[in-house]
Each structure stands twice: as C-alpha cells, then as structure tokens.
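Engineer: Before we start, here is the structure in question, set down as structure tokens.
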Amino acid sequence: MAIDIDTARKVAKLARIRVEEGDLPALADKLSGILGFMEQLNEVDVTGVEPMTSVTPMRLKSRADVVTDGDIQGQVLKNAPDAREGFFAVPKVVE
Amino acid sequence: MTAKVTGANSWTIAAARDALRKGEISAVDLTMSCLTAIDAGDALNAFVWKTPEIALEQARAADARIAGGDVPAMCGIPLGIKDLFCTKGVPSQAASNILKGFRPEYESTVTSKLFDAGAVMLGKLNMDEFAMGSSNETSCYGNVVNPWQRQGSNVQLTPGGSSGGSASAVAADLCLAATGTDTGGSIRQPAAFTGIVGIKPTYGRVSRWGIVAFASSLDQAGPMTKTVRDAAIMLGAMAGHDPKDSTSADIPVPDFEAALTGDIRGKVIGIPREYRLDGMPQEIEALWLQGIAMLKGAGAEVRDISLPHTKYALPAYYVIAPAEASSNLARYDGVRYGHRAQLSAGDGITEMYEKTRAEGFGPEVQRRIMIGTYVLSAGFYDAYYNRARKVRALIKRDFERVFADGVDAILTPATPSAAFGLGEMSEADPIQMYLNDIFTVTVNLAGLPGIAVPVGLDRQGLPLGLQLIGRPWEEGPLLNCAHVLESSAGFVAKAKKWW
C-alpha cells in the first residue's frame, strides 16, 4: 500500500518527529518502498497460526511485591536536560 | 616486574589468559599494548570514547588478583565495549545524538559480569545509531573503517554493522575481544566482513539489562573474538540468569570451552536449500561448498533440508523490529536524559518532543520509528504487525521441524557478499541495505544461537565467513562445530596494516 503525503504527515505526528512540509514527499516515497517490500507477507497462508508472543517458551518469574530501591533522586535526575527543585522540568503542559 | 612483551594486543584471550596465569606478562603491560594500538588506530574510528584511566586501574586490580591466585578466565583481558552497553560514568549514547552527554548512573549486567571476572575496559566502540544499520554509516560519530582493503586498492570499506566498531577493533588488534549485540545479524555480519568470530547466543542466554534496547524480542549480546575458543571463554563470562531481565533464562551456563572437543563425528549438518539465492556470487557458493566438505571430512553427516518460510524472514523482521523500536525509542523525549531541542517562544511540550526527536535521531532511525508507528497504528496492526508475528511463528516452526528430524546444526553463508565500500550503498534504497541480513535474521526471529566463522578470502583478498545455526541452548555443541570448521579452514590471514 502506498503512503501518501497526508499519511506521512500523520505518521510523523504520531511518532512525535517534526518533518518539514517540503520533506514529506520524499519521506512518503521511502516509507512506501519499505511497505511495498512487506507486502510479500500477504503470500503466506497464516490460517490458524497464533502470533508469536515469546520466542523461547518460558514461564515468567514472579517476585515479591516489595520496594527494592529508592532514595536515589539525585541519580535519577543526574542526566536530565532541565531539573529543578528535585523534579524534571518541561514547558507548561496545562493552561 | 615482568618483561615487556611486544605485540600482546594481537593475542587471543586464551593465549593471554595462559600467559597471565604463568606470570609471563602483567595485565598492565597487556593493557598498555592495547592502549598504544588504539591510539595508533584512530583512522579506523572504532573507539569513540577511550577510557585509559579505567583500563589501567582495572588492570592493576587484575594483577593483584592474579598475584593472589584468583584468576577467572577473563581476568586481566582488555576488551572494547560497544557503545550500546551502559557503562557507569562513561558516555553511553548508542551512537546517537539524542543521547549526547548521557553518562549512566549504573552498569549493564553484561559489563558488570565481565568486570567482576576481572576484564579490563579499554573504551567504547562505534556502531550504527541505535544498532540500526548494516554498514556503520548511521553513527553520530561517523563511519567506522574496515582494516581490510581490496588487493591493490586503498578504497575504504565498511566493517559491516551494527557492531562495526567492535569488528574493526578486534580485526585490527586494538583489543583482544569486544562485546557486540545482534538484533538481525549485527554481530555475525560484521564478524564475517572483518575475518573474525562472532556468536549470537540463544535468546535469553545473556541478560539485556542495561543495554540500550532496539527490538527487545530479538536483541541479544554476544562476544566478538579472534577465535572460536575465545568466543567460548567470553560467552561463559557474559551469560547467565539475571533477575533484572525477566526474559533471561534461569538455566545453568555450561563450560563452553570444555565443549570444544573437535569431535563432530556422526553429527548431522543441515544445508537449507532456500539459502541458495538467485544471483548469489559464485565465490559465496564455492565457500559454502568448501565448508560442507570440511564438516564432511570431520565425520559429520551432511543433509539437504528445507526451511520453507525463509523468504519471508526479511519482510517479517522489518515489520517486527521497527514496531518494537518505535515503542522502545519513545522514551527519548528530551525530558529525562540526553538532548533537548532549543525551543521558540510559545512552544509547548509537543513541540519540544517533535523538535528534540527530529534533531536527535538520524534519518535511518527516524524512518524505522515511523515504519514501526505505522504498522502499529489503528487499522494496520492486524494487517502488518500481527501477520508478521504469525509468519515469525512459522519461521520458528521450520527450524523446530528440522531439529526434530535429527539435524544438529545448519550451515549457511554468513553474508551475501564480502565487505563493500563505504558510501557505495548511499544511493540505493533502504531495502538494498536490508538484504545484507538475509542469512542472519531468521536466527533472531527463531531465537536460536548462530555463529559466524571466517573461512576464506575472496578474489580481492577480503575475508568471507560461514554461519552455523544451532539448537536452542546448545551453544556448546554449536561452538564445537564452529571450532572444527575453523580448524579445517585454517584461516590465519590478517588485514595489512595501513592505518
């Protein structure tokens, strides 16, 4: 299925990646090419096949529901581009 | 003081281990020899962060340990670490501008285990951005250069990707071995392009904790080494259950080196007919036939097999991997770590996300995130993502059937060609680059162990490798088979030093 410019714009929006209007045609073209390649999957008869969820069948372990760490605010914020008063700072979210 | 030994950077792990234990060299001298080689190898652009202070401190600690008689196999062994591994206090940015300045406050499980065993970190190694690429041309640090060149040519070649820095560093003797990661072939393809050994273990054998995630259901870390024996030694130190990775298997780690008996008599080697591609270079075909003859000569039974869904592995992979990547990479939003874009007046949080991600991610990563976003979006989820997961189940079933029929390992080419020139594929569409993974992706989709072994040189003097695929959790027998192939091939060629 070919991706048109509107779909490319929508996908970029969903992915939260800014794409300039002038770059959309080239992007749509590249994405269409890749999706065209995936169309081969339609040749496969998948009737009755369950989608794979785990490649190595194993029972996931459970653990006790207890706090195992904490009090590492400084470490958590260490790499933040903008941290103030013990919090991550971002532009205003609510008017 | 031990006598200075020159050229120790070119040693294998096994040779260095034995020399360290006998006191023939110190870990500090061994490390110095690598640090010198690294400084002389800047033209390869393999090491992107050098950590000589950490290396020498770890080497001194290793020497103290050796003096005390406590010598695990990896004690004092100098390694390069792929930039995808989080290393405490040392830049770890997955070769992406979006993680610029990121210094983790924690250590990945794999590097912790290696350091606990006494290994020495020489620095961080270049790679494709977020491990997305097959030529190491998508890195924010620039291209890695393959130490190998075509005879009579000085054209710079790719070391492959995504673990291209690891491959180049090991092949050029800048370190004894390196860590790599493999989501669709990222250990095995660069190993084949540089004439070294690389193994992707069974999914779940090695903890993924602290490794920057690309596609979580496919990613596995593994060693990239000069020999199969070294791969066995280093894998033993990397593997094991980790409560911090719920998909890591809680099963014992066998002594992989002890599995290298050299005896594969009676073992059944499958040759999948679907891996014979139209237009495959004659040299690859010939190499494959040589490999078959070598294993036969060692007493193995060779059998033609069929893996009927092979053709669909690449399209299934390029749905599943981007889908998982789009989800994993959603965390890079300019809030908690890494890059944040400069905002204009009036910009809100959405503009912050969009500008940050547009500036921080390179074109290939952006493309894959968007493909992943598309195949997971309402209306397309079933048609693409679920269908790909069903095809993945069929690909795994193909392997289960041949293993149930008594096949012990499968022999295939590792790559469809030898290393190509840097920039040679820049005009090609992305699919052309994806085709590099054609022999390797099936293994990730099925969660199996796979190893690339150097077997010969092509007409232009470039290394070519073969791949062996094993049964789940049977890395030991797989390594043994690879060891036989390695011994029969007798591959000893090295890149001519031009850097």
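Ligands are numbered from 1 in the order shown, chains are lettered A, B, ... in the order of the structure tokens, and residues start at 1 in each chain.
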Could you make a table, as JSON lines, of the residues of chain B that have an atom within 7 Å of an atom of chain A, each with its nearest atom pair and distance in Å to one decimal, counting only C-alpha atoms, in chain and number order?
Structural biologist:
{"residue": "B:Phe102", "atom": "CA", "partner": "A:Asn79", "partner_atom": "CA", "distance": 6.1}
{"residue": "B:Glu105", "atom": "CA", "partner": "A:Gln75", "partner_atom": "CA", "distance": 6.3}
{"residue": "B:Tyr203", "atom": "CA", "partner": "A:Thr56", "partner_atom": "CA", "distance": 6.9}
{"residue": "B:Ser246", "atom": "CA", "partner": "A:Leu60", "partner_atom": "CA", "distance": 6.4}
{"residue": "B:Tyr312", "atom": "CA", "partner": "A:Leu41", "partner_atom": "CA", "distance": 6.3}
{"residue": "B:Pro315", "atom": "CA", "partner": "A:Met38", "partner_atom": "CA", "distance": 4.8}
{"residue": "B:Gly334", "atom": "CA", "partner": "A:Pro81", "partner_atom": "CA", "distance": 7.0}
{"residue": "B:Val335", "atom": "CA", "partner": "A:Ala80", "partner_atom": "CA", "distance": 6.3}
{"residue": "B:Arg336", "atom": "CA", "partner": "A:Ala80", "partner_atom": "CA", "distance": 4.5}
{"residue": "B:Tyr337", "atom": "CA", "partner": "A:Ala80", "partner_atom": "CA", "distance": 4.5}
{"residue": "B:Gly338", "atom": "CA", "partner": "A:Pro81", "partner_atom": "CA", "distance": 6.6}
{"residue": "B:His339", "atom": "CA", "partner": "A:Pro81", "partner_atom": "CA", "distance": 6.9}
{"residue": "B:Arg340", "atom": "CA", "partner": "A:Pro81", "partner_atom": "CA", "distance": 6.4}
{"residue": "B:Gly348", "atom": "CA", "partner": "A:Pro91", "partner_atom": "CA", "distance": 5.6}
{"residue": "B:Ile349", "atom": "CA", "partner": "A:Pro91", "partner_atom": "CA", "distance": 5.5}
{"residue": "B:Tyr353", "atom": "CA", "partner": "A:Arg16", "partner_atom": "CA", "distance": 6.1}
{"residue": "B:Glu354", "atom": "CA", "partner": "A:Ile17", "partner_atom": "CA", "distance": 4.4}
{"residue": "B:Lys355", "atom": "CA", "partner": "A:Arg18", "partner_atom": "CA", "distance": 5.7}
{"residue": "B:Arg357", "atom": "CA", "partner": "A:Ile17", "partner_atom": "CA", "distance": 5.4}
{"residue": "B:Ala358", "atom": "CA", "partner": "A:Ile17", "partner_atom": "CA", "distance": 5.1}
{"residue": "B:Ile369", "atom": "CA", "partner": "A:Ala15", "partner_atom": "CA", "distance": 6.9}
{"residue": "B:Met370", "atom": "CA", "partner": "A:Ala15", "partner_atom": "CA", "distance": 6.1}
{"residue": "B:Ile371", "atom": "CA", "partner": "A:Leu31", "partner_atom": "CA", "distance": 6.8}
{"residue": "B:Thr373", "atom": "CA", "partner": "A:Ala15", "partner_atom": "CA", "distance": 6.2}
{"residue": "B:Tyr374", "atom": "CA", "partner": "A:Val11", "partner_atom": "CA", "distance": 6.1}
{"residue": "B:Asn386", "atom": "CA", "partner": "A:Pro51", "partner_atom": "CA", "distance": 6.0}
{"residue": "B:Arg389", "atom": "CA", "partner": "A:Pro51", "partner_atom": "CA", "distance": 4.6}
{"residue": "B:Lys390", "atom": "CA", "partner": "A:Pro51", "partner_atom": "CA", "distance": 4.1}
{"residue": "B:Val391", "atom": "CA", "partner": "A:Val46", "partner_atom": "CA", "distance": 6.9}
{"residue": "B:Arg392", "atom": "CA", "partner": "A:Met52", "partner_atom": "CA", "distance": 6.6}
{"residue": "B:Ala393", "atom": "CA", "partner": "A:Met52", "partner_atom": "CA", "distance": 5.3}
{"residue": "B:Ile431", "atom": "CA", "partner": "A:Ile34", "partner_atom": "CA", "distance": 6.7}
{"residue": "B:Ala446", "atom": "CA", "partner": "A:Val55", "partner_atom": "CA", "distance": 6.3}
{"residue": "B:Gly447", "atom": "CA", "partner": "A:Val55", "partner_atom": "CA", "distance": 5.7}
Engineer: Write the residues of the preceding selection, restricted to C-alpha atoms, as a PDB file, in the first residue's frame.
Structural biologist:
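Resulting contents of out.pdb:
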ATOM      1  CA  PHE B 102      24.392  10.712  28.750  1.00  0.00           C
ATOM      2  CA  GLU B 105      24.436   6.001  36.822  1.00  0.00           C
ATOM      3  CA  TYR B 203      17.565 -15.520  23.085  1.00  0.00           C
ATOM      4  CA  SER B 246      12.643 -11.274  33.018  1.00  0.00           C
ATOM      5  CA  TYR B 312       9.536 -14.131   4.393  1.00  0.00           C
ATOM      6  CA  PRO B 315       9.879  -8.633   5.487  1.00  0.00           C
ATOM      7  CA  GLY B 334      14.149  15.324  25.886  1.00  0.00           C
ATOM      8  CA  VAL B 335      12.879  15.083  29.455  1.00  0.00           C
ATOM      9  CA  ARG B 336      14.934  12.584  31.406  1.00  0.00           C
ATOM     10  CA  TYR B 337      18.267  12.328  29.617  1.00  0.00           C
ATOM     11  CA  GLY B 338      20.161  13.293  26.522  1.00  0.00           C
ATOM     12  CA  HIS B 339      19.435  16.036  24.062  1.00  0.00           C
ATOM     13  CA  ARG B 340      16.635  18.614  24.309  1.00  0.00           C
ATOM     14  CA  GLY B 348       4.697  23.650  24.259  1.00  0.00           C
ATOM     15  CA  ILE B 349       5.601  20.132  25.252  1.00  0.00           C
ATOM     16  CA  TYR B 353       9.134  16.315  21.747  1.00  0.00           C
ATOM     17  CA  GLU B 354       8.929  16.812  17.984  1.00  0.00           C
ATOM     18  CA  LYS B 355      11.919  19.135  17.668  1.00  0.00           C
ATOM     19  CA  ARG B 357      13.389  13.860  18.212  1.00  0.00           C
ATOM     20  CA  ALA B 358      13.868  15.445  14.766  1.00  0.00           C
ATOM     21  CA  ILE B 369      10.413   4.642  14.101  1.00  0.00           C
ATOM     22  CA  MET B 370       7.870   5.883  11.578  1.00  0.00           C
ATOM     23  CA  ILE B 371       7.511   2.478   9.900  1.00  0.00           C
ATOM     24  CA  THR B 373       4.474   3.639  14.246  1.00  0.00           C
ATOM     25  CA  TYR B 374       2.586   2.950  11.037  1.00  0.00           C
ATOM     26  CA  ASN B 386       0.057  -9.453  13.723  1.00  0.00           C
ATOM     27  CA  ARG B 389       4.202 -12.273  14.193  1.00  0.00           C
ATOM     28  CA  LYS B 390       2.314 -15.193  12.654  1.00  0.00           C
ATOM     29  CA  VAL B 391       4.936 -15.544   9.930  1.00  0.00           C
ATOM     30  CA  ARG B 392       7.570 -15.421  12.667  1.00  0.00           C
ATOM     31  CA  ALA B 393       5.869 -18.393  14.348  1.00  0.00           C
ATOM     32  CA  ILE B 431      15.800  -2.410   1.054  1.00  0.00           C
ATOM     33  CA  ALA B 446      13.571 -18.026  15.838  1.00  0.00           C
ATOM     34  CA  GLY B 447      15.607 -17.104  18.945  1.00  0.00           C
TER      35      GLY B 447
END
Engineer: May I have the residues within 7 Å of Gly291 in chain B as a PyMOL selection string, using only C-alpha atoms and disregarding those fewer than 4 positions away in the same chain?
Structural biologist: chain B and resi 287+295+485
Engineer: Closest to Asp29 in chain B among B:Ser216, B:Thr181, B:Asn9, B:Ser487, using only C-alpha atoms?
Structural biologist: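 Once distances to Asp29 in chain B are computed over only C-alpha atoms, the minimum belongs to B:Asn9.
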Engineer: Set the distance at 7 Å and use only C-alpha atoms: which residues neighbour Ser162 in chain B once local chain neighbours fewer than 5 positions away are removed? I'd like the list as a PyMOL selection string.
Structural biologist: chain B and resi 127-128+131-136+186
Engineer: Output C-alpha atoms for every residue in the selection just made, as a JSON list (two decimals), in the first residue's frame.
Structural biologist:
[["chain", "number", "residue", "atom", "x", "y", "z"],
["B", 127, "MET", "CA", 28.30, 1.32, 15.97],
["B", 128, "ASP", "CA", 25.28, 2.16, 13.83],
["B", 131, "ALA", "CA", 22.17, -0.60, 16.24],
["B", 132, "MET", "CA", 20.13, 0.17, 13.12],
["B", 133, "GLY", "CA", 22.29, -0.41, 10.08],
["B", 134, "SER", "CA", 24.47, -2.90, 8.29],
["B", 135, "SER", "CA", 27.43, -0.72, 7.34],
["B", 136, "ASN", "CA", 28.20, 1.51, 10.34],
["B", 186, "SER", "CA", 24.70, -7.17, 13.90]]
Engineer: CA of Ile305 in chain B to CA of Val402 in chain B: how many Å, to one decimal?
Structural biologist: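 Pair CA of Ile305 in chain B / CA of Val402 in chain B returns 7.2 Å.
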Engineer: Residues of range 43-182 of chain B in strand (DSSP E) according to DSSP, as a PyMOL selection string?
Structural biologist: chain B and resi 47-50+78-82+120-125+177-182
Engineer: For the residues in that selection, give me C-alpha atoms as a short mmCIF file (atom, residue, chain, number, x, y, z; two decimals), in the first residue's frame.
Structural biologist:
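out35.cif, written as the output of this step:
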data_model
loop_
_atom_site.label_atom_id
_atom_site.label_comp_id
_atom_site.auth_asym_id
_atom_site.auth_seq_id
_atom_site.Cartn_x
_atom_site.Cartn_y
_atom_site.Cartn_z
CA PHE B 47 36.97 3.59 19.54
CA VAL B 48 34.78 6.64 20.17
CA TRP B 49 35.48 7.04 23.89
CA LYS B 50 38.82 5.91 25.24
CA PRO B 78 41.44 -5.96 27.72
CA LEU B 79 38.15 -5.52 25.89
CA GLY B 80 36.32 -2.96 23.81
CA ILE B 81 32.69 -2.32 24.76
CA LYS B 82 30.04 -1.44 22.19
CA VAL B 120 39.51 -4.55 31.52
CA MET B 121 37.54 -1.91 29.60
CA LEU B 122 39.64 -0.02 27.05
CA GLY B 123 36.81 2.21 25.87
CA LYS B 124 33.54 2.43 23.99
CA LEU B 125 33.14 1.24 20.42
CA ALA B 177 37.94 -9.06 22.02
CA ALA B 178 34.81 -6.92 22.15
CA THR B 179 31.17 -7.06 23.11
CA GLY B 180 28.59 -6.88 20.35
CA THR B 181 24.84 -7.06 20.07
CA ASP B 182 22.76 -8.73 17.40
#
Engineer: Set the distance at 12 Å and use only C-alpha atoms: which residues neighbour Phe115 in chain B once local chain neighbours fewer than 6 positions away are removed? I'd like the list as a PyMOL selection string.
Structural biologist: chain B and resi 54-55+57-59+61-62+72-79+81+87-88+107-109+121-122+234+237-238
Engineer: For the structure I just gave you, how does DSSP split range 94-260 of chain B - specifically, which residues are helix (DSSP H, G or I)? Reply as a PyMOL selection string.
Structural biologist: chain B and resi 97-99+109-116+129-131+164-171+188-194+228-238+257-259
